[in-house]
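Novice: Just model-v3.cif, nothing more (mmCIF, C-alpha atoms and all ligand atoms):
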data_final
loop_
_atom_site.label_atom_id
_atom_site.label_comp_id
_atom_site.auth_asym_id
_atom_site.auth_seq_id
_atom_site.Cartn_x
_atom_site.Cartn_y
_atom_site.Cartn_z
CA MET A 1345 0.00 0.00 0.00
CA ARG A 1346 2.51 2.49 -1.24
CA TRP A 1347 0.20 5.48 -1.45
CA PHE A 1348 -0.60 5.41 2.28
CA ALA A 1349 2.96 6.33 3.14
CA ASN A 1350 3.23 8.90 0.39
CA SER A 1351 -0.07 10.60 1.05
CA VAL A 1352 1.32 12.19 4.22
CA SER A 1353 3.45 14.53 2.17
CA SER A 1354 0.90 15.18 -0.58
CA GLU A 1355 -1.76 17.22 1.22
CA PRO A 1356 -4.18 14.47 2.27
CA ALA A 1357 -6.40 17.08 3.91
CA THR A 1358 -7.47 18.53 0.55
CA THR A 1359 -7.50 15.31 -1.47
CA THR A 1360 -9.38 13.09 0.98
CA PRO A 1361 -13.18 13.28 0.74
CA LYS A 1362 -14.77 14.60 3.91
CA VAL A 1363 -17.59 12.57 5.34
CA GLU A 1364 -20.55 13.93 7.31
CA GLY A 1365 -21.43 10.87 9.36
CA ILE A 1366 -21.74 7.33 8.06
CA ALA A 1367 -25.41 7.40 7.12
CA GLY A 1368 -24.97 10.52 4.99
CA TYR A 1369 -22.13 9.18 2.90
CA VAL A 1370 -22.39 9.82 -0.81
CA THR A 1371 -19.41 8.91 -2.96
CA PRO A 1372 -17.74 11.90 -4.62
CA TYR A 1373 -16.70 9.49 -7.41
CA PRO A 1374 -19.90 7.84 -8.75
CA TYR A 1375 -17.96 5.96 -11.44
CA LEU A 1376 -16.15 4.00 -8.71
CA ASP A 1377 -19.48 2.56 -7.54
CA ARG A 1378 -20.40 1.64 -11.11
CA LEU A 1379 -17.02 -0.02 -11.62
CA GLN A 1380 -16.93 -1.87 -8.27
CA GLU A 1381 -18.43 -5.13 -9.54
CA LYS A 1382 -16.24 -5.22 -12.65
CA MET A 1383 -13.12 -4.52 -10.60
CA GLU A 1384 -14.05 -7.36 -8.22
CA GLU A 1385 -14.24 -9.68 -11.24
CA ARG A 1386 -10.76 -8.54 -12.18
CA ILE A 1387 -9.47 -8.96 -8.59
CA GLU A 1388 -10.83 -12.52 -8.56
CA HIS A 1389 -9.22 -13.23 -11.95
CA ARG A 1390 -12.56 -14.02 -13.59
CA VAL A 1391 -11.66 -11.71 -16.49
CA PRO A 1392 -8.34 -11.24 -18.33
CA ALA A 1393 -5.88 -8.79 -16.76
CA ALA A 1394 -4.87 -7.35 -20.12
CA GLY A 1395 -7.16 -5.29 -22.32
CA ARG A 1396 -8.02 -1.75 -23.35
CA PHE A 1397 -8.72 0.43 -20.33
CA CYS A 1398 -9.73 4.05 -19.81
CA GLY A 1399 -6.66 6.15 -19.05
CA PHE A 1400 -8.49 8.01 -16.29
CA CYS A 1401 -10.70 5.53 -14.37
CA TYR A 1402 -9.41 2.20 -15.81
CA ALA A 1403 -12.81 0.94 -16.95
CA ARG A 1404 -12.51 -1.73 -19.64
CA LEU A 1405 -13.37 -0.19 -23.01
CA ARG A 1406 -14.57 -1.81 -26.19
CA ASN A 1407 -12.40 -1.38 -29.27
CA GLU A 1408 -14.82 1.13 -30.78
CA ASP A 1409 -15.15 3.28 -27.62
CA THR A 1410 -13.69 6.76 -28.06
CA ARG A 1411 -15.21 8.03 -24.80
CA CYS A 1412 -15.29 6.14 -21.49
CA PRO A 1413 -18.89 5.13 -20.65
CA PHE A 1414 -18.07 5.33 -16.91
CA CYS A 1415 -16.25 8.65 -16.41
CA ALA A 1416 -16.85 10.26 -19.85
CA THR A 1417 -13.15 10.86 -20.48
CA PRO A 1418 -12.41 10.86 -24.24
CA THR A 1419 -9.61 8.51 -25.32
CA SER A 1420 -8.17 11.46 -27.27
CA GLU A 1421 -7.70 13.30 -23.98
CA ARG A 1422 -6.17 10.42 -22.08
CA ALA A 1423 -4.59 7.53 -23.93
CA THR A 1424 -5.91 4.09 -23.06
CA VAL A 1425 -3.74 1.72 -21.01
CA GLY A 1426 -3.19 -2.03 -21.25
CA GLU A 1427 -3.82 -2.95 -17.63
CA ILE A 1428 -5.24 -1.66 -14.33
CA PRO A 1429 -2.64 -0.38 -11.82
CA GLN A 1430 -2.31 -2.52 -8.67
CA ASP A 1431 -2.95 0.49 -6.40
CA VAL A 1432 -6.33 0.96 -8.10
CA LEU A 1433 -7.29 -2.68 -7.62
CA ARG A 1434 -6.28 -2.39 -3.95
CA ALA A 1435 -8.68 0.51 -3.50
CA TYR A 1436 -11.59 -1.63 -4.76
CA LYS A 1437 -10.41 -4.52 -2.63
CA LEU A 1438 -10.68 -2.26 0.44
CA ARG A 1439 -14.35 -1.71 -0.24
CA GLN A 1440 -14.94 -5.42 -0.92
CA SER A 1441 -13.16 -6.74 2.17
CA THR A 1442 -14.57 -4.08 4.52
CA GLU A 1443 -18.11 -4.83 3.42
CA ALA A 1444 -17.56 -8.60 3.71
CA ARG A 1445 -16.18 -8.22 7.24
CA TRP A 1446 -19.25 -6.27 8.37
CA VAL A 1447 -21.65 -8.75 6.76
CA HIS A 1448 -19.93 -11.67 8.50
CA THR A 1449 -19.94 -9.89 11.85
CA GLY A 1450 -23.64 -9.10 11.43
CA ALA A 1451 -24.51 -12.67 10.50
CA PHE A 1452 -22.58 -13.92 13.51
CA THR A 1453 -24.44 -11.47 15.76
CA GLY A 1454 -27.76 -12.77 14.41
CA MET A 1455 -26.79 -16.36 15.15
CA ILE A 1456 -25.66 -15.46 18.69
CA ILE A 1457 -29.04 -13.82 19.34
CA ALA A 1458 -30.88 -16.89 17.98
CA SER A 1459 -28.73 -19.08 20.27
CA LEU A 1460 -29.53 -16.94 23.31
CA ILE A 1461 -33.25 -17.15 22.50
CA PHE A 1462 -32.85 -20.93 22.16
CA VAL A 1463 -31.21 -21.17 25.60
CA TRP A 1464 -33.91 -18.98 27.10
CA MET A 1465 -36.65 -21.15 25.55
CA VAL A 1466 -35.32 -24.51 26.76
CA THR A 1467 -34.46 -23.12 30.20
CA TRP A 1468 -37.31 -20.77 31.08
CA GLY A 1469 -39.77 -20.96 28.15
CA PRO A 1470 -43.33 -21.38 29.43
CA GLY A 1471 -45.57 -24.10 27.99
CA LEU A 1472 -45.12 -24.80 24.26
CA LEU A 1473 -42.29 -22.24 24.03
CA GLY A 1474 -40.22 -24.49 26.27
CA HIS A 1475 -40.71 -27.58 24.09
CA PRO A 1476 -37.31 -28.67 22.67
CA ALA A 1477 -38.70 -29.17 19.14
CA PHE A 1478 -40.07 -25.65 19.16
CA ALA A 1479 -36.78 -24.32 20.50
CA PHE A 1480 -34.81 -26.14 17.80
CA ALA A 1481 -37.10 -24.76 15.14
CA GLU A 1482 -36.41 -21.29 16.53
CA LEU A 1483 -32.67 -21.97 16.50
CA LEU A 1484 -32.68 -23.03 12.83
CA LEU A 1485 -35.23 -20.63 11.36
CA GLY A 1486 -34.48 -17.78 13.74
CA GLY A 1487 -30.76 -18.26 13.20
CA TYR A 1488 -31.24 -18.09 9.45
CA PHE A 1489 -33.43 -15.00 9.42
CA LEU A 1490 -31.54 -13.13 12.13
CA ALA A 1491 -28.25 -13.84 10.31
CA GLN A 1492 -29.81 -12.48 7.10
CA PHE A 1493 -31.21 -9.46 8.92
CA PHE A 1494 -28.11 -8.48 10.86
CA GLY A 1495 -25.68 -9.56 8.10
CA PRO A 1496 -26.50 -8.30 4.60
CA LEU A 1497 -29.36 -6.00 5.62
CA LEU A 1498 -28.18 -4.16 8.73
CA PHE A 1499 -24.40 -4.49 9.12
CA GLY A 1500 -24.01 -4.76 5.33
CA GLN A 1501 -25.24 -1.18 4.99
CA VAL A 1502 -22.62 0.03 7.43
CA GLY A 1503 -19.95 -2.05 5.72
CA TYR A 1504 -20.93 -0.67 2.33
CA ARG A 1505 -20.54 2.92 3.51
CA LYS A 1506 -17.34 2.36 5.46
CA GLY A 1507 -15.86 0.34 2.60
CA ALA A 1508 -16.89 2.90 -0.01
CA ARG A 1509 -15.30 5.67 2.04
CA LYS A 1510 -12.02 3.73 2.38
CA ARG A 1511 -12.02 3.03 -1.37
CA ASP A 1512 -12.73 6.65 -2.24
CA GLU A 1513 -9.99 7.92 0.07
CA ALA A 1514 -7.53 5.49 -1.49
CA TRP A 1515 -8.63 6.62 -4.97
CA ALA A 1516 -8.20 10.28 -3.98
CA ARG A 1517 -4.66 9.54 -2.82
CA PHE A 1518 -3.98 7.65 -6.04
CA LEU A 1519 -5.22 10.58 -8.12
CA ALA A 1520 -3.14 13.02 -6.10
CA GLU A 1521 -0.06 10.93 -6.71
CA ARG A 1522 -0.80 10.31 -10.39
CA ASP A 1523 -2.06 13.72 -11.43
CA GLY A 1524 -0.67 15.94 -8.71
CA ALA A 1525 -4.13 17.21 -7.69
CA ALA A 1526 -7.58 15.84 -7.02
CA PRO A 1527 -9.74 16.28 -10.14
CA THR A 1528 -13.40 16.94 -9.63
CA ALA A 1529 -14.53 14.50 -12.33
ZN ZN B 1 -13.08 6.20 -17.53
#
How does this structure look as structure tokens?
Specialist:
Amino acid sequence: MRWFANSVSSEPATTTPKVEGIAGYVTPYPYLDRLQEKMEERIEHRVPAAGRFCGFCYARLRNEDTRCPFCATPTSERATVGEIPQDVLRAYKLRQSTEARWVHTGAFTGMIIASLIFVWMVTWGPGLLGHPAFAFAELLLGGYFLAQFFGPLLFGQVGYRKGARKRDEAWARFLAERDGAAPTA
């Protein structure tokens, strides 16, 4: 992560997007969100590393493209490149791994809650609620739905925003290093 060390001397205060609380986060680079899935395919080696890429945002272009469909940069303005820089892929990886970590933590939280309910049911559950079969059904179904709820739905939202912010900050540092200033594109 070369750019982390370098960013200290290249005015990170002006190149790093400022965030007004997690819930209010809106990416200053919309094309990064649109490229996220394609970059993950590249990170996981599901698509070839070589190709024809936008010289500004590194979106894969078709042979006939003269303007990038993601960031609108004309190929006449910035020559296309043959591969995506590793620092750029690392920025997308930050978003991917941060989000995954939050989803897993949320799913785990949901299963812990289902387990606690299970223990409560078999120990203190009155009447039918205390029946082991009922408690096991709660453990399986409740575990599944609580893991879904706390994982992708609840914690996944937080992970998305935190991951997107990390990715955007890394991209801002990359731009500062590559172009010497943070473009507003
Ligand atoms: Zn582009």
Novice: Enumerate residues in contact with ligand ZN 1 (chain B): an atom-to-atom distance of at most 7 Å, counting all atoms listed in the file. Format the result as a list in words.
Specialist: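 Counting all atoms listed in the file, the residues within 7 Å of ligand ZN 1 (chain B) come out as Cys1398, Gly1399, Phe1400, Cys1401, Tyr1402, Ala1403, Cys1412, Pro1413, Phe1414, Cys1415, Ala1416 and Thr1417 of chain A.
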Novice: Do you have the atom CA of Ala1458 of chain A-atom CA of Phe1489 of chain A distance handy?
Specialist: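 Result for atom CA of Ala1458 of chain A versus atom CA of Phe1489 of chain A: 9.1 Å, one decimal.
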Novice: From the list A:Ala1491, A:Met1383, A:Ala1481, A:Leu1376, which residue is nearest Trp1515 of chain A when using all atoms listed in the file?
Specialist: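 Under the stated criterion, the closest residue is A:Leu1376.
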Novice: Residues at most 12 Å from Pro1392 of chain A, counting all atoms listed in the file, excluding those fewer than 2 positions away in the same chain, as a PyMOL selection string?
Specialist: chain A and resi 1382-1383+1385-1390+1394-1397+1404+1426-1428
Novice: Tell me, in Å to one decimal, how far atom CA of Gln1380 of chain A is from atom CA of Arg1511 of chain A.
Specialist: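 Calculated distance between atom CA of Gln1380 of chain A and atom CA of Arg1511 of chain A is 9.8 Å.
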Novice: Atom CA of Ala1514 of chain A to atom CA of Ala1435 of chain A: how many Å, to one decimal?
Specialist: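 One can read the atom CA of Ala1514 of chain A to atom CA of Ala1435 of chain A distance as 5.5 Å.
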Novice: Counting all atoms listed in the file, which residue out of A:Leu1519, A:Leu1484, A:Ala1423, A:Leu1497 sits closest to Ser1459 of chain A?
Specialist: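 Comparing A:Leu1519, A:Leu1484, A:Ala1423, A:Leu1497 against Ser1459 of chain A, the winner is A:Leu1484.
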Novice: Box along x, y and z, 5 Å on every side, all listed atoms of segment 1373-1392 of chain A inside: centre and edge lengths in Å to one decimal, as lines of an AutoDock Vina configuration file.
Specialist:
center_x = -14.4
center_y = -2.3
center_z = -12.9
size_x = 22.1
size_y = 33.5
size_z = 20.9
Novice: Ranking A:Tyr1504, A:Phe1494, A:Trp1464, A:Tyr1375 by minimum distance to His1448 of chain A and counting all atoms listed in the file, which one comes first?
Specialist: A:Phe1494
Novice: When you count all atoms listed in the file, which of these residues is closest to Gly1450 of chain A: A:Tyr1488, A:Lys1510, A:Asp1377, A:Thr1371?
Specialist: A:Tyr1488
Novice: Between A:Asp1512, A:Asp1523, A:Gly1486, A:Glu1384, which residue has the minimum interatomic distance to Ala1451 of chain A, considering all atoms listed in the file?
Specialist: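 Closest candidate: A:Gly1486.
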Novice: Here is a test: counting only C-alpha atoms, which residue of A:Ala1508, A:Gln1492, A:Tyr1373, A:Phe1518 is nearest to Val1447 of chain A?
Specialist: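 Of A:Ala1508, A:Gln1492, A:Tyr1373, A:Phe1518, the one nearest Val1447 of chain A, counting only C-alpha atoms, is A:Gln1492.
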Novice: Could you pull the residues within 10 Å of Gly1474 of chain A, counting all atoms listed in the file, minus those fewer than 5 positions along the same chain, as a VMD selection string?
Specialist: chain A and resid 1462 to 1469 1479
Novice: Can you rebuild segment 1422-1434 of chain A with N, CA and C atoms and give it as a PDB file, in the frame of the given file?
Specialist:
ATOM      1  N   ARG A1422      -7.057  11.279 -22.854  1.00  0.00           N
ATOM      2  CA  ARG A1422      -6.170  10.420 -22.080  1.00  0.00           C
ATOM      3  C   ARG A1422      -6.031   9.091 -22.810  1.00  0.00           C
ATOM      4  N   ALA A1423      -4.826   8.760 -23.191  1.00  0.00           N
ATOM      5  CA  ALA A1423      -4.590   7.530 -23.930  1.00  0.00           C
ATOM      6  C   ALA A1423      -4.995   6.316 -23.097  1.00  0.00           C
ATOM      7  N   THR A1424      -5.527   5.298 -23.772  1.00  0.00           N
ATOM      8  CA  THR A1424      -5.910   4.090 -23.060  1.00  0.00           C
ATOM      9  C   THR A1424      -4.667   3.364 -22.567  1.00  0.00           C
ATOM     10  N   VAL A1425      -4.859   2.499 -21.545  1.00  0.00           N
ATOM     11  CA  VAL A1425      -3.740   1.720 -21.010  1.00  0.00           C
ATOM     12  C   VAL A1425      -4.071   0.233 -21.111  1.00  0.00           C
ATOM     13  N   GLY A1426      -3.045  -0.593 -21.022  1.00  0.00           N
ATOM     14  CA  GLY A1426      -3.190  -2.030 -21.250  1.00  0.00           C
ATOM     15  C   GLY A1426      -3.565  -2.842 -20.024  1.00  0.00           C
ATOM     16  N   GLU A1427      -3.433  -2.225 -18.835  1.00  0.00           N
ATOM     17  CA  GLU A1427      -3.820  -2.950 -17.630  1.00  0.00           C
ATOM     18  C   GLU A1427      -4.161  -1.965 -16.502  1.00  0.00           C
ATOM     19  N   ILE A1428      -4.806  -2.494 -15.454  1.00  0.00           N
ATOM     20  CA  ILE A1428      -5.240  -1.660 -14.330  1.00  0.00           C
ATOM     21  C   ILE A1428      -4.118  -1.629 -13.287  1.00  0.00           C
ATOM     22  N   PRO A1429      -3.703  -0.435 -12.826  1.00  0.00           N
ATOM     23  CA  PRO A1429      -2.640  -0.380 -11.820  1.00  0.00           C
ATOM     24  C   PRO A1429      -3.024  -1.129 -10.529  1.00  0.00           C
ATOM     25  N   GLN A1430      -2.056  -1.741  -9.889  1.00  0.00           N
ATOM     26  CA  GLN A1430      -2.310  -2.520  -8.670  1.00  0.00           C
ATOM     27  C   GLN A1430      -2.905  -1.648  -7.558  1.00  0.00           C
ATOM     28  N   ASP A1431      -2.434  -0.401  -7.442  1.00  0.00           N
ATOM     29  CA  ASP A1431      -2.950   0.490  -6.400  1.00  0.00           C
ATOM     30  C   ASP A1431      -4.455   0.728  -6.568  1.00  0.00           C
ATOM     31  N   VAL A1432      -4.906   0.761  -7.823  1.00  0.00           N
ATOM     32  CA  VAL A1432      -6.330   0.960  -8.100  1.00  0.00           C
ATOM     33  C   VAL A1432      -7.115  -0.274  -7.673  1.00  0.00           C
ATOM     34  N   LEU A1433      -6.606  -1.445  -8.012  1.00  0.00           N
ATOM     35  CA  LEU A1433      -7.290  -2.680  -7.620  1.00  0.00           C
ATOM     36  C   LEU A1433      -7.354  -2.791  -6.096  1.00  0.00           C
ATOM     37  N   ARG A1434      -6.290  -2.348  -5.421  1.00  0.00           N
ATOM     38  CA  ARG A1434      -6.280  -2.390  -3.950  1.00  0.00           C
ATOM     39  C   ARG A1434      -7.366  -1.499  -3.366  1.00  0.00           C
TER      40      ARG A1434
END
